[in-house]
$ cat target_9.tsv   # TSV, C-alpha atoms and all ligand atoms
chain	number	residue	atom	x	y	z
Q	7	MET	CA	-31.92	4.14	-1.35
Q	8	ALA	CA	-28.13	4.03	-1.23
Q	9	ASN	CA	-25.33	5.58	-3.19
Q	10	SER	CA	-24.82	3.42	-6.26
Q	11	VAL	CA	-21.01	3.40	-6.16
Q	12	PHE	CA	-20.79	1.77	-2.74
Q	13	ALA	CA	-23.97	-0.26	-3.16
Q	14	ALA	CA	-22.34	-1.95	-6.16
Q	15	CYS	CA	-19.24	-2.97	-4.17
Q	16	GLY	CA	-18.96	-6.34	-2.50
Q	17	THR	CA	-17.26	-6.86	0.86
Q	18	THR	CA	-13.50	-6.41	0.32
Q	19	ILE	CA	-11.57	-9.48	-0.76
Q	20	PHE	CA	-9.29	-9.12	2.28
Q	21	GLU	CA	-12.15	-9.24	4.79
Q	22	THR	CA	-13.81	-12.07	2.87
Q	23	MET	CA	-10.69	-14.22	2.73
Q	24	SER	CA	-9.69	-13.56	6.35
Q	25	ARG	CA	-13.14	-14.58	7.61
Q	26	LEU	CA	-13.05	-17.73	5.44
Q	27	ALA	CA	-9.53	-18.48	6.69
Q	28	GLN	CA	-10.76	-18.19	10.28
Q	29	ALA	CA	-13.74	-20.43	9.64
Q	30	HIS	CA	-11.48	-23.13	8.17
Q	31	GLY	CA	-8.55	-22.74	10.58
Q	32	ALA	CA	-6.38	-21.86	7.57
Q	33	VAL	CA	-2.87	-20.40	7.68
Q	34	ASN	CA	-3.62	-16.86	6.53
Q	35	LEU	CA	-1.23	-15.74	3.78
Q	36	GLY	CA	-4.05	-13.67	2.29
Q	37	GLN	CA	-4.74	-10.29	3.89
Q	38	GLY	CA	-1.58	-8.18	4.11
Q	39	PHE	CA	-0.65	-7.99	7.76
Q	40	PRO	CA	2.62	-9.05	9.36
Q	41	GLU	CA	2.87	-11.62	12.13
Q	42	GLY	CA	5.52	-11.80	14.84
Q	43	LEU	CA	7.25	-8.56	13.82
Q	44	GLU	CA	5.63	-6.06	16.18
Q	45	PRO	CA	8.37	-4.03	17.96
Q	46	PRO	CA	7.90	-4.55	21.75
Q	47	ALA	CA	9.46	-1.20	22.75
Q	48	LEU	CA	6.88	0.65	20.69
Q	49	ILE	CA	4.01	-1.26	22.24
Q	50	GLU	CA	5.35	-0.37	25.69
Q	51	ARG	CA	5.55	3.23	24.59
Q	52	LEU	CA	1.89	3.14	23.57
Q	53	ALA	CA	0.94	1.79	27.00
Q	54	ALA	CA	2.90	4.61	28.68
Q	55	ALA	CA	1.37	7.23	26.38
Q	56	ALA	CA	-2.12	5.90	27.10
Q	57	ALA	CA	-1.48	6.08	30.85
Q	58	GLU	CA	-0.06	9.61	30.64
Q	59	GLY	CA	-2.66	11.09	28.28
Q	60	PRO	CA	-3.85	13.43	26.90
Q	61	HIS	CA	-7.07	11.80	25.76
Q	62	GLN	CA	-8.94	14.66	24.11
Q	63	TYR	CA	-9.02	15.67	20.44
Q	64	PRO	CA	-5.57	16.49	19.11
Q	65	SER	CA	-5.25	19.25	16.50
Q	66	MET	CA	-6.70	18.12	13.19
Q	67	MET	CA	-3.30	18.29	11.48
Q	68	GLY	CA	-1.76	15.96	14.06
Q	69	LEU	CA	0.27	16.32	17.26
Q	70	PRO	CA	3.21	18.69	16.71
Q	71	GLU	CA	5.67	16.02	17.90
Q	72	LEU	CA	4.40	13.54	15.30
Q	73	ARG	CA	4.33	16.09	12.46
Q	74	ALA	CA	7.94	16.95	13.30
Q	75	ALA	CA	8.95	13.27	13.46
Q	76	ILE	CA	7.30	12.51	10.10
Q	77	ALA	CA	8.99	15.53	8.49
Q	78	ALA	CA	12.36	14.41	9.88
Q	79	HIS	CA	11.75	10.83	8.67
Q	80	GLU	CA	10.85	12.12	5.21
Q	81	ALA	CA	13.91	14.37	5.06
Q	82	ALA	CA	16.26	11.65	6.32
Q	83	HIS	CA	15.12	9.03	3.81
Q	84	TRP	CA	13.60	10.66	0.77
Q	85	GLY	CA	15.12	13.92	-0.34
Q	86	ARG	CA	13.69	16.46	-2.73
Q	87	ALA	CA	15.46	17.48	-5.95
Q	88	ASN	CA	15.21	21.18	-5.11
Q	89	GLY	CA	17.10	20.55	-1.88
Q	90	ALA	CA	14.08	21.59	0.17
Q	91	GLU	CA	13.33	19.30	3.07
Q	92	ALA	CA	9.92	18.31	4.25
Q	93	VAL	CA	8.91	20.58	7.14
Q	94	PRO	CA	6.31	19.85	9.86
Q	95	GLU	CA	3.89	22.32	8.19
Q	96	ALA	CA	3.91	20.04	5.12
Q	97	VAL	CA	2.64	17.06	7.15
Q	98	MET	CA	-0.88	16.00	8.03
Q	99	VAL	CA	-1.55	12.97	10.25
Q	100	THR	CA	-4.42	10.69	9.18
Q	101	SER	CA	-6.18	7.61	10.50
Q	102	GLY	CA	-4.20	5.24	8.31
Q	103	ALA	CA	-3.20	5.50	4.68
Q	104	THR	CA	-6.75	4.52	3.73
Q	105	GLU	CA	-8.08	7.75	5.16
Q	106	ALA	CA	-5.18	9.68	3.64
Q	107	LEU	CA	-6.09	8.28	0.21
Q	108	ALA	CA	-9.74	9.22	0.62
Q	109	ALA	CA	-8.86	12.73	1.84
Q	110	CYS	CA	-6.51	13.30	-1.13
Q	111	LEU	CA	-8.89	11.95	-3.74
Q	112	PHE	CA	-11.99	13.73	-2.39
Q	113	ALA	CA	-10.00	16.95	-2.14
Q	114	LEU	CA	-8.29	16.93	-5.52
Q	115	ILE	CA	-10.96	15.56	-7.87
Q	116	GLU	CA	-13.71	17.68	-9.40
Q	117	PRO	CA	-16.60	15.71	-10.95
Q	118	GLY	CA	-15.60	14.86	-14.52
Q	119	ASP	CA	-11.86	15.01	-13.87
Q	120	GLU	CA	-9.88	12.09	-15.27
Q	121	VAL	CA	-7.64	10.11	-12.95
Q	122	VAL	CA	-4.79	8.01	-14.33
Q	123	LEU	CA	-3.97	4.84	-12.42
Q	124	PHE	CA	-2.25	1.53	-12.87
Q	125	GLU	CA	-3.72	-1.97	-12.79
Q	126	PRO	CA	-3.40	-4.15	-10.82
Q	127	LEU	CA	-4.39	-1.69	-8.08
Q	128	TYR	CA	-5.18	-1.51	-4.41
Q	129	ASP	CA	-8.87	-2.00	-3.80
Q	130	SER	CA	-9.83	1.33	-2.19
Q	131	TYR	CA	-8.77	3.58	-5.08
Q	132	LEU	CA	-11.56	3.09	-7.61
Q	133	PRO	CA	-14.63	3.35	-5.34
Q	134	ILE	CA	-13.34	6.59	-3.81
Q	135	ILE	CA	-12.42	8.07	-7.19
Q	136	ARG	CA	-15.85	7.22	-8.59
Q	137	ARG	CA	-17.64	8.54	-5.48
Q	138	ALA	CA	-15.71	11.79	-5.97
Q	139	GLY	CA	-17.02	11.96	-9.53
Q	140	GLY	CA	-13.67	11.14	-11.09
Q	141	VAL	CA	-13.33	9.17	-14.31
Q	142	PRO	CA	-10.65	6.44	-14.03
Q	143	ARG	CA	-8.23	5.99	-16.93
Q	144	LEU	CA	-6.57	2.64	-16.28
Q	145	VAL	CA	-3.14	1.72	-17.56
Q	146	ARG	CA	-2.38	-1.96	-17.32
Q	147	LEU	CA	0.93	-3.35	-16.13
Q	148	GLU	CA	1.37	-6.83	-17.56
Q	149	PRO	CA	2.74	-9.84	-15.72
Q	150	PRO	CA	5.26	-11.31	-15.25
Q	151	HIS	CA	7.48	-8.17	-15.21
Q	152	TRP	CA	4.86	-5.45	-14.70
Q	153	SER	CA	6.93	-3.01	-16.77
Q	154	LEU	CA	5.51	0.35	-17.74
Q	155	PRO	CA	3.71	0.50	-21.12
Q	156	ARG	CA	4.80	4.03	-22.01
Q	157	GLN	CA	2.62	4.44	-25.07
Q	158	ALA	CA	-0.48	3.38	-23.18
Q	159	LEU	CA	0.42	5.73	-20.34
Q	160	ALA	CA	0.87	8.68	-22.70
Q	161	ALA	CA	-2.46	7.81	-24.35
Q	162	ALA	CA	-4.22	7.77	-20.95
Q	163	PHE	CA	-3.41	11.46	-20.41
Q	164	GLY	CA	-5.71	14.03	-21.97
Q	165	PRO	CA	-7.11	17.53	-21.48
Q	166	ARG	CA	-9.26	16.40	-18.51
Q	167	THR	CA	-6.45	14.62	-16.65
Q	168	ARG	CA	-6.14	16.07	-13.18
Q	169	VAL	CA	-4.77	13.36	-10.88
Q	170	VAL	CA	-2.46	10.34	-11.08
Q	171	VAL	CA	-2.44	7.63	-8.42
Q	172	LEU	CA	0.93	5.94	-8.13
Q	173	ASN	CA	1.64	3.05	-5.77
Q	174	SER	CA	5.32	2.17	-5.44
Q	175	PRO	CA	6.33	-0.31	-4.10
Q	176	GLY	CA	3.10	-1.73	-5.46
Q	177	ASN	CA	0.42	-3.92	-3.98
Q	178	PRO	CA	-0.17	-6.65	-5.19
Q	179	CYS	CA	2.62	-6.97	-7.74
Q	180	GLY	CA	5.61	-5.69	-5.73
Q	181	LYS	CA	6.67	-3.39	-8.56
Q	182	VAL	CA	9.25	-0.80	-7.51
Q	183	TRP	CA	9.23	2.03	-10.03
Q	184	GLU	CA	12.58	2.86	-11.64
Q	185	GLU	CA	13.86	6.41	-12.02
Q	186	ASP	CA	13.38	6.46	-15.80
Q	187	GLU	CA	9.75	5.31	-15.42
Q	188	LEU	CA	9.11	8.02	-12.83
Q	189	SER	CA	10.74	10.62	-15.10
Q	190	PHE	CA	8.52	9.60	-17.99
Q	191	LEU	CA	5.44	9.95	-15.78
Q	192	ALA	CA	6.71	13.28	-14.41
Q	193	GLY	CA	7.06	14.65	-17.96
Q	194	LEU	CA	3.44	13.76	-18.75
Q	195	MET	CA	2.23	15.29	-15.48
Q	196	GLU	CA	4.02	18.55	-16.24
Q	197	ALA	CA	2.71	18.64	-19.80
Q	198	HIS	CA	-0.86	18.12	-18.55
Q	199	ASP	CA	-0.57	20.09	-15.31
Q	200	ALA	CA	-1.55	17.07	-13.22
Q	201	VAL	CA	-0.89	16.20	-9.58
Q	202	ALA	CA	-0.08	12.79	-8.09
Q	203	VAL	CA	-1.28	10.94	-5.04
Q	204	CYS	CA	1.73	8.78	-4.20
Q	205	ASP	CA	0.87	5.74	-2.11
Q	206	GLU	CA	4.26	4.80	-0.67
Q	207	VAL	CA	3.15	2.80	2.35
Q	208	TYR	CA	5.75	0.08	1.55
Q	209	GLU	CA	8.59	2.65	1.21
Q	210	HIS	CA	10.93	0.72	3.53
Q	211	LEU	CA	10.12	-2.70	2.08
Q	212	VAL	CA	12.35	-2.91	-1.00
Q	213	TYR	CA	14.59	-5.93	-1.57
Q	214	GLY	CA	17.99	-6.79	-2.99
Q	215	ASP	CA	19.87	-3.95	-4.61
Q	216	ARG	CA	16.72	-2.05	-5.56
Q	217	ARG	CA	15.98	1.30	-3.89
Q	218	HIS	CA	12.74	3.13	-3.27
Q	219	LEU	CA	12.39	6.44	-5.10
Q	220	GLY	CA	9.52	8.80	-4.43
Q	221	LEU	CA	8.04	10.72	-7.35
Q	222	ALA	CA	8.20	13.88	-5.20
Q	223	GLY	CA	12.00	13.59	-5.20
Q	224	LEU	CA	12.24	14.21	-8.96
Q	225	PRO	CA	12.98	17.71	-10.30
Q	226	GLY	CA	9.88	19.88	-10.28
Q	227	MET	CA	7.68	17.21	-8.74
Q	228	ALA	CA	7.58	18.17	-5.04
Q	229	ALA	CA	4.80	20.73	-5.62
Q	230	ARG	CA	2.76	18.19	-7.60
Q	231	CYS	CA	2.86	15.27	-5.18
Q	232	ALA	CA	0.88	14.30	-2.10
Q	233	LYS	CA	2.92	11.49	-0.63
Q	234	ILE	CA	1.20	9.00	1.67
Q	235	GLY	CA	2.87	6.89	4.36
Q	236	SER	CA	1.65	4.50	7.04
Q	237	ALA	CA	3.01	3.69	10.50
Q	238	GLY	CA	1.17	0.39	10.16
Q	239	LYS	CA	3.70	-0.64	7.52
Q	240	VAL	CA	6.76	1.11	8.97
Q	241	PHE	CA	6.32	-0.68	12.32
Q	242	SER	CA	4.38	-3.82	11.32
Q	243	LEU	CA	1.38	-2.64	13.37
Q	244	THR	CA	-1.36	-2.46	10.74
Q	245	GLY	CA	-4.15	-2.24	13.31
Q	246	TRP	CA	-2.87	1.07	14.63
Q	247	LYS	CA	-4.15	2.96	11.60
Q	248	VAL	CA	-1.85	5.97	11.80
Q	249	GLY	CA	-0.92	7.41	8.41
Q	250	TRP	CA	0.20	10.67	6.93
Q	251	VAL	CA	0.22	12.95	3.91
Q	252	VAL	CA	3.27	15.05	3.01
Q	253	ALA	CA	2.58	17.86	0.52
Q	254	GLU	CA	3.35	21.50	-0.06
Q	255	PRO	CA	0.77	23.98	1.33
Q	256	ALA	CA	-1.12	24.65	-1.90
Q	257	LEU	CA	-1.84	20.93	-2.19
Q	258	LEU	CA	-2.13	20.09	1.51
Q	259	THR	CA	-4.64	22.83	2.38
Q	260	PRO	CA	-7.56	21.38	0.34
Q	261	ILE	CA	-6.63	17.86	1.47
Q	262	ALA	CA	-6.87	19.02	5.10
Q	263	LYS	CA	-10.38	20.35	4.36
Q	264	ALA	CA	-11.47	16.88	3.29
Q	265	HIS	CA	-9.72	15.23	6.26
Q	266	GLN	CA	-11.50	17.51	8.75
Q	267	TYR	CA	-14.82	16.01	7.70
Q	268	LEU	CA	-13.68	12.41	7.29
Q	269	THR	CA	-12.02	11.65	10.63
Q	270	PHE	CA	-10.75	15.07	11.79
Q	271	THR	CA	-8.09	13.49	14.01
Q	272	THR	CA	-6.41	10.33	15.28
Q	273	ALA	CA	-6.01	8.86	18.81
Q	274	PRO	CA	-3.37	10.91	20.68
Q	275	ALA	CA	-1.64	7.97	22.42
Q	276	LEU	CA	-1.09	6.29	19.04
Q	277	GLN	CA	0.30	9.52	17.63
Q	278	ARG	CA	2.71	9.94	20.55
Q	279	ALA	CA	3.94	6.35	20.27
Q	280	VAL	CA	4.50	6.64	16.50
Q	281	ALA	CA	6.36	9.94	16.97
Q	282	TRP	CA	8.68	8.23	19.46
Q	283	GLY	CA	9.13	5.23	17.17
Q	284	LEU	CA	10.07	7.23	14.09
Q	285	GLU	CA	12.82	8.86	16.10
Q	286	HIS	CA	14.02	6.00	18.31
Q	287	GLN	CA	13.28	2.83	16.34
Q	288	ARG	CA	15.16	3.54	13.13
Q	289	ASP	CA	17.08	0.30	13.39
Q	290	TYR	CA	13.76	-1.52	13.41
Q	291	TYR	CA	12.39	-0.14	10.16
Q	292	GLN	CA	15.73	0.04	8.42
Q	293	GLY	CA	16.29	-3.65	9.19
Q	294	LEU	CA	12.80	-4.78	8.23
Q	295	ALA	CA	13.50	-5.27	4.52
Q	296	GLY	CA	16.35	-7.67	5.34
Q	297	VAL	CA	14.05	-9.74	7.55
Q	298	LEU	CA	11.23	-9.77	5.02
Q	299	GLN	CA	13.50	-10.56	2.09
Q	300	ALA	CA	14.45	-13.80	3.82
Q	301	ARG	CA	10.73	-14.60	4.32
Q	302	ARG	CA	10.04	-13.81	0.68
Q	303	ASP	CA	12.80	-16.15	-0.42
Q	304	ARG	CA	11.63	-18.91	1.92
Q	305	LEU	CA	8.07	-18.79	0.60
Q	306	SER	CA	9.14	-18.35	-3.05
Q	307	ALA	CA	11.45	-21.36	-2.94
Q	308	GLY	CA	8.81	-23.52	-1.27
Q	309	LEU	CA	6.06	-22.55	-3.72
Q	310	ALA	CA	8.38	-23.09	-6.69
Q	311	ARG	CA	9.21	-26.60	-5.42
Q	312	LEU	CA	5.49	-27.37	-5.39
Q	313	GLY	CA	5.10	-26.28	-9.02
Q	314	PHE	CA	3.78	-22.70	-8.66
Q	315	GLY	CA	5.21	-20.24	-11.20
Q	316	VAL	CA	6.52	-17.68	-8.72
Q	317	LEU	CA	6.89	-14.14	-10.10
Q	318	GLU	CA	9.70	-11.88	-8.98
Q	319	THR	CA	8.74	-9.23	-6.45
Q	320	ALA	CA	11.00	-6.29	-5.57
Q	321	GLY	CA	8.98	-4.76	-2.74
Q	322	SER	CA	5.93	-4.88	-0.42
Q	323	TYR	CA	4.64	-7.82	1.65
Q	324	PHE	CA	3.52	-9.78	-1.38
Q	325	LEU	CA	4.50	-12.20	-4.09
Q	326	SER	CA	2.32	-13.45	-6.92
Q	327	ALA	CA	2.33	-16.97	-8.28
Q	328	ASP	CA	1.09	-18.40	-11.56
Q	329	ILE	CA	-1.33	-21.21	-10.69
Q	330	ARG	CA	-1.72	-22.66	-14.17
Q	331	PRO	CA	0.62	-25.61	-13.56
Q	332	LEU	CA	-1.62	-26.66	-10.63
Q	333	SER	CA	-5.10	-25.28	-11.17
Q	334	GLY	CA	-6.42	-27.72	-13.76
Q	335	GLY	CA	-7.86	-24.81	-15.72
Q	336	GLY	CA	-9.95	-23.15	-12.98
Q	337	ASP	CA	-9.64	-19.45	-12.25
Q	338	ASP	CA	-7.83	-17.73	-9.37
Q	339	ARG	CA	-10.95	-17.31	-7.22
Q	340	ALA	CA	-11.90	-20.96	-7.48
Q	341	PHE	CA	-8.29	-21.85	-6.76
Q	342	CYS	CA	-8.18	-19.67	-3.62
Q	343	THR	CA	-11.40	-21.24	-2.34
Q	344	ARG	CA	-9.91	-24.68	-2.93
Q	345	LEU	CA	-6.69	-23.64	-1.17
Q	346	ILE	CA	-8.64	-22.70	1.95
Q	347	GLU	CA	-11.02	-25.64	1.94
Q	348	GLU	CA	-8.65	-28.43	0.86
Q	349	ALA	CA	-5.21	-27.25	1.95
Q	350	GLY	CA	-6.05	-24.91	4.84
Q	351	VAL	CA	-4.07	-22.01	3.37
Q	352	ALA	CA	-5.50	-18.58	2.47
Q	353	ALA	CA	-4.29	-16.42	-0.44
Q	354	ILE	CA	-5.83	-13.61	-2.47
Q	355	PRO	CA	-6.92	-13.91	-6.13
Q	356	VAL	CA	-5.07	-11.25	-8.12
Q	357	SER	CA	-8.17	-10.68	-10.29
Q	358	ALA	CA	-9.57	-8.73	-7.29
Q	359	PHE	CA	-7.08	-5.95	-8.10
Q	360	TYR	CA	-8.61	-5.20	-11.53
Q	361	ASP	CA	-11.66	-3.22	-12.61
Q	362	SER	CA	-12.70	-5.56	-15.41
Q	363	ALA	CA	-11.43	-8.39	-17.63
Q	364	PRO	CA	-8.67	-9.40	-15.21
Q	365	PRO	CA	-6.07	-12.08	-15.71
Q	366	THR	CA	-7.25	-15.12	-13.73
Q	367	HIS	CA	-4.07	-17.17	-13.41
Q	368	LEU	CA	-2.35	-15.41	-10.49
Q	369	VAL	CA	-2.75	-15.55	-6.73
Q	370	ARG	CA	-1.11	-13.28	-4.16
Q	371	PHE	CA	0.61	-14.61	-1.05
Q	372	CYS	CA	1.69	-12.44	1.90
Q	373	PHE	CA	5.14	-13.47	3.13
Q	374	ALA	CA	5.33	-11.07	6.12
Q	375	LYS	CA	4.68	-14.03	8.42
Q	376	THR	CA	6.72	-16.13	10.84
Q	377	ASP	CA	8.99	-18.84	9.44
Q	378	ALA	CA	6.82	-21.36	11.27
Q	379	MET	CA	3.68	-20.12	9.49
Q	380	ILE	CA	5.38	-20.16	6.12
Q	381	ASP	CA	6.65	-23.70	6.73
Q	382	GLU	CA	3.25	-24.88	7.95
Q	383	ALA	CA	1.55	-23.35	4.89
Q	384	LEU	CA	4.05	-25.05	2.58
Q	385	ALA	CA	3.62	-28.39	4.35
Q	386	ARG	CA	-0.17	-28.11	3.96
Q	387	LEU	CA	0.12	-27.17	0.28
Q	388	GLY	CA	2.52	-30.09	-0.16
Q	389	ARG	CA	-0.18	-32.51	1.02
Q	390	VAL	CA	-2.48	-31.32	-1.79
Q	391	PHE	CA	0.00	-30.55	-4.56
Q	392	GLY	CA	3.16	-32.45	-3.55
Q	401	LIG	N1	-2.19	1.42	0.30
Q	401	LIG	C1	-1.76	0.19	0.04
Q	401	LIG	C2	-1.06	-0.07	-1.26
Q	401	LIG	C3	-1.95	-0.85	0.94
Q	401	LIG	O1	-1.54	-2.08	0.65
Q	401	LIG	C4	-2.63	-0.57	2.13
Q	401	LIG	C5	-2.90	-1.68	3.05
Q	401	LIG	N2	-2.68	-2.07	3.94
Q	401	LIG	C6	-3.05	0.73	2.40
Q	401	LIG	C7	-2.83	1.71	1.45
Q	401	LIG	C8	-3.78	1.11	3.66
Q	401	LIG	O2	-2.94	1.35	4.73
Q	401	LIG	P1	-3.49	1.67	6.20
Q	401	LIG	O3	-3.65	0.35	6.88
Q	401	LIG	O4	-2.46	2.53	6.84
Q	401	LIG	O5	-4.80	2.36	6.05
Q	402	LIG	N1	-3.54	-3.77	2.40
Q	402	LIG	C1	-3.94	-5.06	2.88
Q	402	LIG	C2	-3.80	-6.08	1.75
Q	402	LIG	O1	-3.56	-5.71	0.65
Q	402	LIG	C3	-5.34	-5.13	3.38
Q	402	LIG	C4	-5.92	-3.96	4.07
Q	402	LIG	C5	-7.38	-4.18	4.28
Q	402	LIG	O2	-7.81	-5.29	4.54
Q	402	LIG	N2	-8.15	-3.17	4.12
Q	402	LIG	O3	-3.95	-7.23	2.00
$ encode --input "target_9.tsv" --output "structure tokens" --more "lines below"
Ligand code: PMP
Ligand code: GLN
Amino acid sequence: MANSVFAACGTTIFETMSRLAQAHGAVNLGQGFPEGLEPPALIERLAAAAAEGPHQYPSMMGLPELRAAIAAHEAAHWGRANGAEAVPEAVMVTSGATEALAACLFALIEPGDEVVLFEPLYDSYLPIIRRAGGVPRLVRLEPPHWSLPRQALAAAFGPRTRVVVLNSPGNPCGKVWEEDELSFLAGLMEAHDAVAVCDEVYEHLVYGDRRHLGLAGLPGMAARCAKIGSAGKVFSLTGWKVGWVVAEPALLTPIAKAHQYLTFTTAPALQRAVAWGLEHQRDYYQGLAGVLQARRDRLSAGLARLGFGVLETAGSYFLSADIRPLSGGGDDRAFCTRLIEEAGVAAIPVSAFYDSAPPTHLVRFCFAKTDAMIDEALARLGRVFG
């Protein structure tokens, strides 16, 4: 009756946990969305854009003003080794990074192609790859440091490798790829003539003295990379669902063919507001990592005081914590259910980010919340585990 790939999927863990959190009045540190960080000037701009119009279909590649703003943002922050700068023609606007990922994967994968990707991984990758007929080759990053197992990565490449999916900074583990790791991957891609879909939605959310590096910025890589960004993450407005793909024409053209049949286009008022924001709200997104680093540290310290084994996280909205000191032997899913029901706090079991045989001792907390929410969550956890 139905396609077997999607029929076999459950409802996403994020939806499931958010609905449970609502039902129990829990503080939601599960699904990754920020609270209290929405930039008011951008919201006003959206209201003005909605009043002014237009309201009909924009061009499928995106409004010219937004394509130009995304190209300028890309050039200002993430250069290319060949000195070439991203140009508006290299940009396609999508309805969120989720649609961008689907457009890239449907466009680049031929049935039977192998796709290299890294566990733990964001939940939309595998169903789309499988629906496209791709064969996943999973390379596992191991906690607590999530460092790159180079031998396993080299072994995952073969004659049928066509695509790599790279997520840095990574969800859920907050891994920020180092230049030598990217270079190692780049060498394998060149040797096997592979392309990469680079999910960089957390590009501005890197902490401490670490820096974000895009794979496309490495020598020879620009032509092999489709880089994905999301205004939802740049401006803490995840419900807006405005994303983009930046790629050279040979790569972008087939991706645009997939996009034209997925969503075709994105609401024009949202596009106009995001274009304005990329140009006029730089201070906002350049300051966001500083704000979120303080939230990360607040939640980490509080969880550590309660006995969680908090793992280091260099980027994204998320930290992971080892629950073994507190779980009494149960797995991460049982623990998350208990957290909601007994403590009134929602988190996400990290096992949800694996295809099979996952580790079951880690849970993910989102720290992109208000100080008051973080403190309330810690106080509630303290009543159960204190
Ligand atoms: N990639 C990653 C790694 C994410 O965490 C998310 C989630 N929010 C997305 C893509 C999807 O982004 P968007 O909301 O723009 O579709
Ligand atoms: N990216 C968000 C997270 O990891 C969730 C997005 C979604 O719910 N689809 O929590």
$ closest_residue --input "target_9.tsv" --among "Q:Ala200, Q:Val207, Q:Leu219, Q:Val97" --to "ligand LIG 402 (chain Q)" --atoms "only C-alpha atoms and all ligand atoms"
Q:Val207
$ residues_near_ligand --input "target_9.tsv" --ligand "ligand LIG 402 (chain Q)" --cutoff "9 Å" --atoms "all atoms listed in the file" --output "list in words"
Thr18, Ile19, Phe20, Glu21, Ser24, Gly36, Gln37, Gly38, Phe39, Thr104, Tyr128, Asp129, Ser130, Asn177, Pro178, Thr244, Tyr323, Phe324, Ile354 and Cys372 of chain Q
$ residues_near_ligand --input "target_9.tsv" --ligand "ligand LIG 401 (chain Q)" --cutoff "8 Å" --atoms "all atoms listed in the file" --output "count of residues only"
33
$ residues_near_point --input "target_9.tsv" --point "(1.3, -21.8, 3.2)" --cutoff "12 Å" --atoms "only C-alpha atoms" --output "NGL selection string"
:Q and (27 or 32-36 or 301 or 304-309 or 312 or 342 or 345-346 or 349-353 or 370-391)
$ closest_residue --input "target_9.tsv" --among "Q:Arg230, Q:Phe190, Q:Ala279, Q:Ala295" --to "Gly214 of chain Q" --atoms "only C-alpha atoms"
Q:Ala295
$ residues_around --input "target_9.tsv" --residues "Pro142 of chain Q" --least-positions-apart "2" --cutoff "7 Å" --atoms "all atoms listed in the file" --output "PyMOL selection string"
chain Q and resi 120-122+140+144
$ closest_residue --input "target_9.tsv" --among "Q:Arg344, Q:Ala197, Q:Ile135, Q:Asn9" --to "Ala109 of chain Q" --atoms "all atoms listed in the file"
Q:Ile135
$ closest_residue --input "target_9.tsv" --among "Q:Arg302, Q:Arg73, Q:Arg168, Q:Arg136" --to "Met98 of chain Q" --atoms "all atoms listed in the file"
Q:Arg73
$ residues_around --input "target_9.tsv" --residues "Ala262 of chain Q" --least-positions-apart "3" --cutoff "10 Å" --atoms "all atoms listed in the file" --output "PDB file with C-alpha atoms, in the frame of the given file"
ATOM      1  CA  MET Q  66      -6.700  18.120  13.190  1.00  0.00           C
ATOM      2  CA  MET Q  67      -3.300  18.290  11.480  1.00  0.00           C
ATOM      3  CA  VAL Q  97       2.640  17.060   7.150  1.00  0.00           C
ATOM      4  CA  MET Q  98      -0.880  16.000   8.030  1.00  0.00           C
ATOM      5  CA  VAL Q  99      -1.550  12.970  10.250  1.00  0.00           C
ATOM      6  CA  THR Q 100      -4.420  10.690   9.180  1.00  0.00           C
ATOM      7  CA  ALA Q 106      -5.180   9.680   3.640  1.00  0.00           C
ATOM      8  CA  ALA Q 109      -8.860  12.730   1.840  1.00  0.00           C
ATOM      9  CA  CYS Q 110      -6.510  13.300  -1.130  1.00  0.00           C
ATOM     10  CA  ALA Q 113     -10.000  16.950  -2.140  1.00  0.00           C
ATOM     11  CA  VAL Q 251       0.220  12.950   3.910  1.00  0.00           C
ATOM     12  CA  PRO Q 255       0.770  23.980   1.330  1.00  0.00           C
ATOM     13  CA  LEU Q 257      -1.840  20.930  -2.190  1.00  0.00           C
ATOM     14  CA  LEU Q 258      -2.130  20.090   1.510  1.00  0.00           C
ATOM     15  CA  THR Q 259      -4.640  22.830   2.380  1.00  0.00           C
ATOM     16  CA  HIS Q 265      -9.720  15.230   6.260  1.00  0.00           C
ATOM     17  CA  GLN Q 266     -11.500  17.510   8.750  1.00  0.00           C
ATOM     18  CA  TYR Q 267     -14.820  16.010   7.700  1.00  0.00           C
ATOM     19  CA  LEU Q 268     -13.680  12.410   7.290  1.00  0.00           C
ATOM     20  CA  PHE Q 270     -10.750  15.070  11.790  1.00  0.00           C
TER      21      PHE Q 270
END
$ residues_around --input "target_9.tsv" --residues "Ser242 of chain Q" --least-positions-apart "4" --cutoff "7 Å" --atoms "only C-alpha atoms" --output "number ranges by chain"
Q: 40, 43-44, 238
$ residues_around --input "target_9.tsv" --residues "Arg146 of chain Q" --least-positions-apart "3" --cutoff "8 Å" --atoms "only C-alpha atoms" --output "ChimeraX atom specification"
/Q:124-126,155
$ residues_around --input "target_9.tsv" --residues "Asp199 of chain Q" --least-positions-apart "6" --cutoff "12 Å" --atoms "all atoms listed in the file" --output "list in words"
Phe163, Gly164, Pro165, Arg166, Thr167, Arg168, Val169, Val170, Leu191, Ala192, Gly193, Gly226, Met227, Ala229, Arg230 and Cys231 of chain Q
$ closest_residue --input "target_9.tsv" --among "Q:Gly336, Q:Pro150, Q:Gly139, Q:Pro274" --to "Pro64 of chain Q" --atoms "all atoms listed in the file"
Q:Pro274
$ atom_distance --input "target_9.tsv" --atom1 "atom CA of Leu368 of chain Q" --atom2 "atom CA of His30 of chain Q"
22.2 Å
$ atom_distance --input "target_9.tsv" --atom1 "atom CA of Leu72 of chain Q" --atom2 "atom CA of Ala54 of chain Q"
16.2 Å
$ closest_residue --input "target_9.tsv" --among "Q:Thr22, Q:Gly16, Q:Tyr290, Q:Glu187" --to "Thr343 of chain Q" --atoms "all atoms listed in the file"
Q:Thr22
